[in-house]
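Participant: What follows is protein_4.cif; its format and atoms are mmCIF, C-alpha atoms; chains and numbers go by the auth columns.
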data_data
#
loop_
_atom_site.group_PDB
_atom_site.id
_atom_site.type_symbol
_atom_site.label_atom_id
_atom_site.label_comp_id
_atom_site.label_asym_id
_atom_site.label_seq_id
_atom_site.Cartn_x
_atom_site.Cartn_y
_atom_site.Cartn_z
_atom_site.B_iso_or_equiv
_atom_site.auth_seq_id
_atom_site.auth_asym_id
ATOM 1 C CA MET A 1 0.000 0.000 0.000 0.00 1 D
ATOM 2 C CA SER A 2 1.391 3.377 -0.907 0.00 2 D
ATOM 3 C CA ILE A 3 2.162 5.917 1.767 0.00 3 D
ATOM 4 C CA VAL A 4 -0.210 8.464 0.223 0.00 4 D
ATOM 5 C CA LYS A 5 -3.122 5.996 0.216 0.00 5 D
ATOM 6 C CA GLU A 6 -2.379 4.915 3.784 0.00 6 D
ATOM 7 C CA PHE A 7 -2.156 8.548 4.906 0.00 7 D
ATOM 8 C CA ARG A 8 -5.464 9.328 3.156 0.00 8 D
ATOM 9 C CA GLU A 9 -7.159 6.458 5.038 0.00 9 D
ATOM 10 C CA PHE A 10 -5.642 7.666 8.300 0.00 10 D
ATOM 11 C CA ILE A 11 -6.918 11.210 7.789 0.00 11 D
ATOM 12 C CA ALA A 12 -10.361 10.012 6.731 0.00 12 D
ATOM 13 C CA ARG A 13 -10.959 8.307 10.068 0.00 13 D
ATOM 14 C CA GLY A 14 -13.400 10.148 12.265 0.00 14 D
ATOM 15 C CA ASN A 15 -11.081 10.354 15.270 0.00 15 D
ATOM 16 C CA VAL A 16 -8.435 12.358 13.422 0.00 16 D
ATOM 17 C CA ILE A 17 -10.995 14.847 12.142 0.00 17 D
ATOM 18 C CA ASP A 18 -12.500 15.153 15.631 0.00 18 D
ATOM 19 C CA LEU A 19 -9.043 15.754 17.076 0.00 19 D
ATOM 20 C CA ALA A 20 -8.288 18.453 14.505 0.00 20 D
ATOM 21 C CA VAL A 21 -11.570 20.225 15.267 0.00 21 D
ATOM 22 C CA GLY A 22 -10.814 19.983 18.996 0.00 22 D
ATOM 23 C CA VAL A 23 -7.365 21.506 18.560 0.00 23 D
ATOM 24 C CA ILE A 24 -8.730 24.399 16.494 0.00 24 D
ATOM 25 C CA ILE A 25 -11.522 25.114 18.965 0.00 25 D
ATOM 26 C CA GLY A 26 -9.048 24.791 21.847 0.00 26 D
ATOM 27 C CA ALA A 27 -6.738 27.380 20.293 0.00 27 D
ATOM 28 C CA ALA A 28 -9.653 29.786 19.847 0.00 28 D
ATOM 29 C CA PHE A 29 -10.798 29.105 23.414 0.00 29 D
ATOM 30 C CA ASN A 30 -7.279 29.866 24.652 0.00 30 D
ATOM 31 C CA SER A 31 -7.481 33.335 23.085 0.00 31 D
ATOM 32 C CA ILE A 32 -10.839 33.948 24.748 0.00 32 D
ATOM 33 C CA VAL A 33 -9.526 32.874 28.160 0.00 33 D
ATOM 34 C CA LYS A 34 -6.396 35.009 27.763 0.00 34 D
ATOM 35 C CA SER A 35 -8.531 38.043 26.976 0.00 35 D
ATOM 36 C CA LEU A 36 -10.866 37.236 29.877 0.00 36 D
ATOM 37 C CA VAL A 37 -7.991 37.064 32.355 0.00 37 D
ATOM 38 C CA ASP A 38 -5.930 39.981 31.033 0.00 38 D
ATOM 39 C CA GLN A 39 -8.777 42.395 30.285 0.00 39 D
ATOM 40 C CA VAL A 40 -11.672 41.411 32.568 0.00 40 D
ATOM 41 C CA ILE A 41 -10.525 39.538 35.681 0.00 41 D
ATOM 42 C CA MET A 42 -7.128 41.043 36.495 0.00 42 D
ATOM 43 C CA PRO A 43 -7.948 44.795 36.185 0.00 43 D
ATOM 44 C CA PRO A 44 -10.553 44.737 39.018 0.00 44 D
ATOM 45 C CA ILE A 45 -8.246 42.603 41.163 0.00 45 D
ATOM 46 C CA GLY A 46 -5.432 45.079 40.490 0.00 46 D
ATOM 47 C CA LEU A 47 -7.747 47.973 41.346 0.00 47 D
ATOM 48 C CA LEU A 48 -8.662 46.336 44.651 0.00 48 D
ATOM 49 C CA MET A 49 -4.933 45.974 45.380 0.00 49 D
ATOM 50 C CA GLY A 50 -4.265 49.690 44.930 0.00 50 D
ATOM 51 C CA GLY A 51 -4.062 50.057 41.148 0.00 51 D
ATOM 52 C CA LEU A 52 -1.595 47.201 40.679 0.00 52 D
ATOM 53 C CA ASP A 53 -1.053 45.945 37.104 0.00 53 D
ATOM 54 C CA PHE A 54 -0.227 42.258 37.391 0.00 54 D
ATOM 55 C CA SER A 55 1.200 42.021 33.881 0.00 55 D
ATOM 56 C CA LYS A 56 3.907 44.530 34.867 0.00 56 D
ATOM 57 C CA LEU A 57 4.958 42.847 38.110 0.00 57 D
ATOM 58 C CA GLU A 58 8.575 41.762 37.920 0.00 58 D
ATOM 59 C CA TRP A 59 11.615 41.147 40.041 0.00 59 D
ATOM 60 C CA VAL A 60 14.519 42.988 38.435 0.00 60 D
ATOM 61 C CA LEU A 61 17.780 41.063 38.621 0.00 61 D
ATOM 62 C CA LYS A 62 19.807 43.493 36.513 0.00 62 D
ATOM 63 C CA PRO A 63 18.450 46.988 35.776 0.00 63 D
ATOM 64 C CA GLU A 64 18.800 48.850 32.492 0.00 64 D
ATOM 65 C CA ASP A 65 21.846 51.047 32.059 0.00 65 D
ATOM 66 C CA PRO A 66 20.578 54.440 30.850 0.00 66 D
ATOM 67 C CA ALA A 67 23.961 55.143 29.240 0.00 67 D
ATOM 68 C CA THR A 68 23.527 52.372 26.635 0.00 68 D
ATOM 69 C CA THR A 69 20.872 51.814 23.988 0.00 69 D
ATOM 70 C CA ALA A 70 20.916 48.013 24.209 0.00 70 D
ATOM 71 C CA VAL A 71 18.291 46.236 26.294 0.00 71 D
ATOM 72 C CA GLU A 72 20.219 44.936 29.277 0.00 72 D
ATOM 73 C CA LYS A 73 17.436 44.530 31.819 0.00 73 D
ATOM 74 C CA VAL A 74 17.059 41.047 33.272 0.00 74 D
ATOM 75 C CA ALA A 75 13.868 40.437 35.234 0.00 75 D
ATOM 76 C CA VAL A 76 11.673 37.618 36.496 0.00 76 D
ATOM 77 C CA GLN A 77 8.174 38.537 35.341 0.00 77 D
ATOM 78 C CA TYR A 78 6.076 36.848 37.998 0.00 78 D
ATOM 79 C CA GLY A 79 3.003 38.975 37.196 0.00 79 D
ATOM 80 C CA ALA A 80 2.734 37.412 33.745 0.00 80 D
ATOM 81 C CA PHE A 81 3.160 34.019 35.411 0.00 81 D
ATOM 82 C CA ILE A 82 0.247 34.766 37.780 0.00 82 D
ATOM 83 C CA ASN A 83 -1.918 35.650 34.768 0.00 83 D
ATOM 84 C CA THR A 84 -0.944 32.384 33.060 0.00 84 D
ATOM 85 C CA VAL A 85 -1.762 30.348 36.179 0.00 85 D
ATOM 86 C CA ILE A 86 -5.211 31.959 36.345 0.00 86 D
ATOM 87 C CA GLN A 87 -5.732 31.190 32.646 0.00 87 D
ATOM 88 C CA PHE A 88 -4.796 27.563 33.286 0.00 88 D
ATOM 89 C CA LEU A 89 -7.210 27.316 36.213 0.00 89 D
ATOM 90 C CA ILE A 90 -10.073 28.669 34.091 0.00 90 D
ATOM 91 C CA VAL A 91 -9.332 26.195 31.292 0.00 91 D
ATOM 92 C CA ALA A 92 -9.033 23.340 33.816 0.00 92 D
ATOM 93 C CA VAL A 93 -12.425 24.176 35.335 0.00 93 D
ATOM 94 C CA VAL A 94 -14.079 24.358 31.910 0.00 94 D
ATOM 95 C CA VAL A 95 -12.543 21.039 30.824 0.00 95 D
ATOM 96 C CA PHE A 96 -13.640 19.463 34.125 0.00 96 D
ATOM 97 C CA LEU A 97 -17.210 20.698 33.592 0.00 97 D
ATOM 98 C CA LEU A 98 -17.210 19.361 30.009 0.00 98 D
ATOM 99 C CA VAL A 99 -15.981 15.932 31.136 0.00 99 D
ATOM 100 C CA LYS A 100 -18.545 15.902 33.935 0.00 100 D
ATOM 101 C CA LEU A 101 -21.324 16.711 31.443 0.00 101 D
ATOM 102 C CA VAL A 102 -20.196 13.981 29.038 0.00 102 D
ATOM 103 C CA ASN A 103 -20.032 11.457 31.895 0.00 103 D
ATOM 104 C CA GLN A 104 -23.578 12.355 32.978 0.00 104 D
ATOM 105 C CA VAL A 105 -24.838 11.829 29.427 0.00 105 D
ATOM 106 C CA ARG A 106 -23.060 8.472 29.207 0.00 106 D
ATOM 107 C CA ARG A 107 -24.487 7.364 32.569 0.00 107 D
ATOM 108 C CA ALA A 108 -27.985 8.353 31.464 0.00 108 D
ATOM 109 C CA ASP A 109 -27.554 6.307 28.285 0.00 109 D
ATOM 110 C CA ALA A 110 -26.245 3.325 30.263 0.00 110 D
ATOM 111 C CA GLU A 111 -29.158 3.446 32.710 0.00 111 D
ATOM 112 C CA GLU A 112 -31.797 3.003 30.022 0.00 112 D
ATOM 113 C CA PRO A 113 -33.326 -0.392 30.716 0.00 113 D
ATOM 114 C CA ALA A 114 -32.827 -3.157 28.224 0.00 114 D
ATOM 115 C CA PRO A 115 -35.980 -4.504 26.629 0.00 115 D
ATOM 116 C CA ALA A 116 -37.663 -6.990 28.916 0.00 116 D
ATOM 117 C CA ALA A 117 -37.286 -10.662 28.085 0.00 117 D
ATOM 118 C CA PRO A 118 -40.461 -12.246 26.752 0.00 118 D
ATOM 119 C CA THR A 119 -42.627 -14.042 29.270 0.00 119 D
ATOM 120 C CA PRO A 120 -43.168 -17.815 28.959 0.00 120 D
ATOM 121 C CA GLU A 121 -46.626 -17.155 27.482 0.00 121 D
ATOM 122 C CA GLU A 122 -45.138 -14.854 24.814 0.00 122 D
ATOM 123 C CA LYS A 123 -42.518 -17.477 23.938 0.00 123 D
ATOM 124 C CA LEU A 124 -45.214 -20.127 23.553 0.00 124 D
ATOM 125 C CA LEU A 125 -47.376 -17.858 21.409 0.00 125 D
ATOM 126 C CA THR A 126 -44.351 -17.001 19.235 0.00 126 D
ATOM 127 C CA GLU A 127 -43.642 -20.701 18.680 0.00 127 D
ATOM 128 C CA ILE A 128 -47.266 -21.345 17.758 0.00 128 D
ATOM 129 C CA ARG A 129 -47.243 -18.411 15.331 0.00 129 D
ATOM 130 C CA ASP A 130 -44.035 -19.656 13.720 0.00 130 D
ATOM 131 C CA LEU A 131 -45.483 -23.195 13.364 0.00 131 D
ATOM 132 C CA LEU A 132 -48.651 -21.848 11.754 0.00 132 D
ATOM 133 C CA ALA A 133 -46.651 -19.661 9.372 0.00 133 D
ATOM 134 C CA LYS A 134 -44.614 -22.601 8.051 0.00 134 D
ATOM 135 C CA PRO A 135 -45.839 -23.913 4.708 0.00 135 D
ATOM 136 C CA LYS A 136 -47.382 -27.375 4.921 0.00 136 D
ATOM 137 C CA ALA A 137 -45.431 -30.089 3.193 0.00 137 D
#
Please lay out the structure from this file as structure tokens.

Facilitator:
Amino acid sequence: MSIVKEFREFIARGNVIDLAVGVIIGAAFNSIVKSLVDQVIMPPIGLLMGGLDFSKLEWVLKPEDPATTAVEKVAVQYGAFINTVIQFLIVAVVVFLLVKLVNQVRRADAEEPAPAAPTPEEKLLTEIRDLLAKPKA
């Protein structure tokens, strides 16, 4: 089998297409969560903390030298890290809620009762019907 044909069969499987759609939607969702954290959640928290901008929080290890034009500043930007942790927590909660919803749907499907087995009377009537339906030899 040629590689192209094998690859075409692989791509045509439903799971690969579902995965691709999930990755695309996940990337778009990431942008939404980033905007939510950076532009909606963190500004009020910063305001409550005295006008603090979390994205600018940093621990400067080596300050800029005003005498040079090169960027020499070395800093640990822990404010950006805090924003990223909050983004992760939001995504984790949403994924948890999605998994919980899917599990509830699966449990509901599993709890549907199987059709009841025929009673002895129904079995006997079915046999009689089948015998009557047979052509006479």

Participant: Taking 6 positions as the minimum chain separation for residues in the same chain, which residues sit within 12 Å of Pro63 in chain D when counting only C-alpha atoms? Answer as an MDAnalysis selection string.

Facilitator: chainID D and resid 70:76

Participant: Please produce an output containing C-alpha atoms for each residue in the selection, written as a compact mmCIF listing (two decimals), keeping the file's coordinate frame.

Facilitator:
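Output contents, as saved in again34.txt:
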# COMPACT_ATOMS: atom_id res chain seq x y z
CA ALA D 70 20.92 48.01 24.21
CA VAL D 71 18.29 46.24 26.29
CA GLU D 72 20.22 44.94 29.28
CA LYS D 73 17.44 44.53 31.82
CA VAL D 74 17.06 41.05 33.27
CA ALA D 75 13.87 40.44 35.23
CA VAL D 76 11.67 37.62 36.50

Participant: Could you put an axis-aligned box around every listed atom of range 34-49 of chain D, padded by 3 Å on each side, and send me its centre and edge lengths in Å to one decimal, as AutoDock Vina command-line options?

Facilitator:
--center_x -8.3 --center_y 41.5 --center_z 36.2 --size_x 12.7 --size_y 19.0 --size_z 24.4

Participant: Nearest to Gln77 in chain D among D:Asp18, D:Glu111, D:Asp53, D:Glu122, with distances taken over all atoms listed in the file: which residue is it?

Facilitator: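 Nearest to Gln77 in chain D: D:Asp53.
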
Participant: Just give me the gap between CA of Val33 in chain D and CA of Gly51 in chain D in Å, one decimal is fine.

Facilitator: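 Between CA of Val33 in chain D and CA of Gly51 in chain D the gap is 22.2 Å.
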
Participant: Calculate how many Å separate CA of Phe81 in chain D from CA of Met42 in chain D, rounding to one decimal.

Facilitator: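 Between CA of Phe81 in chain D and CA of Met42 in chain D the gap is 12.5 Å.
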
Participant: Please enumerate the residues selected by the PyMOL selection byres ((chain D and resi 38) around 12) when evaluated against the supplied file, formatted as a tab-separated table (two decimals) with C-alpha atoms, in the coordinates of the input.

Facilitator:
chain	number	residue	atom	x	y	z
D	31	SER	CA	-7.48	33.34	23.08
D	32	ILE	CA	-10.84	33.95	24.75
D	33	VAL	CA	-9.53	32.87	28.16
D	34	LYS	CA	-6.40	35.01	27.76
D	35	SER	CA	-8.53	38.04	26.98
D	36	LEU	CA	-10.87	37.24	29.88
D	37	VAL	CA	-7.99	37.06	32.35
D	39	GLN	CA	-8.78	42.40	30.28
D	40	VAL	CA	-11.67	41.41	32.57
D	41	ILE	CA	-10.52	39.54	35.68
D	42	MET	CA	-7.13	41.04	36.49
D	43	PRO	CA	-7.95	44.80	36.18
D	44	PRO	CA	-10.55	44.74	39.02
D	45	ILE	CA	-8.25	42.60	41.16
D	46	GLY	CA	-5.43	45.08	40.49
D	53	ASP	CA	-1.05	45.94	37.10
D	54	PHE	CA	-0.23	42.26	37.39
D	55	SER	CA	1.20	42.02	33.88
D	56	LYS	CA	3.91	44.53	34.87
D	79	GLY	CA	3.00	38.98	37.20
D	80	ALA	CA	2.73	37.41	33.74
D	81	PHE	CA	3.16	34.02	35.41
D	82	ILE	CA	0.25	34.77	37.78
D	83	ASN	CA	-1.92	35.65	34.77
D	84	THR	CA	-0.94	32.38	33.06
D	85	VAL	CA	-1.76	30.35	36.18
D	86	ILE	CA	-5.21	31.96	36.34
D	87	GLN	CA	-5.73	31.19	32.65

Participant: Can you measure CA of Asp109 in chain D to CA of Asn15 in chain D for me? One decimal in Å is fine.

Facilitator: 21.4 Å

Participant: So, with all atoms listed in the file as the atoms that count, which of D:Val95, D:Ile17, D:Ala67, D:Ala12 lies closest to Phe29 in chain D?

Facilitator: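 Nearest to Phe29 in chain D: D:Val95.
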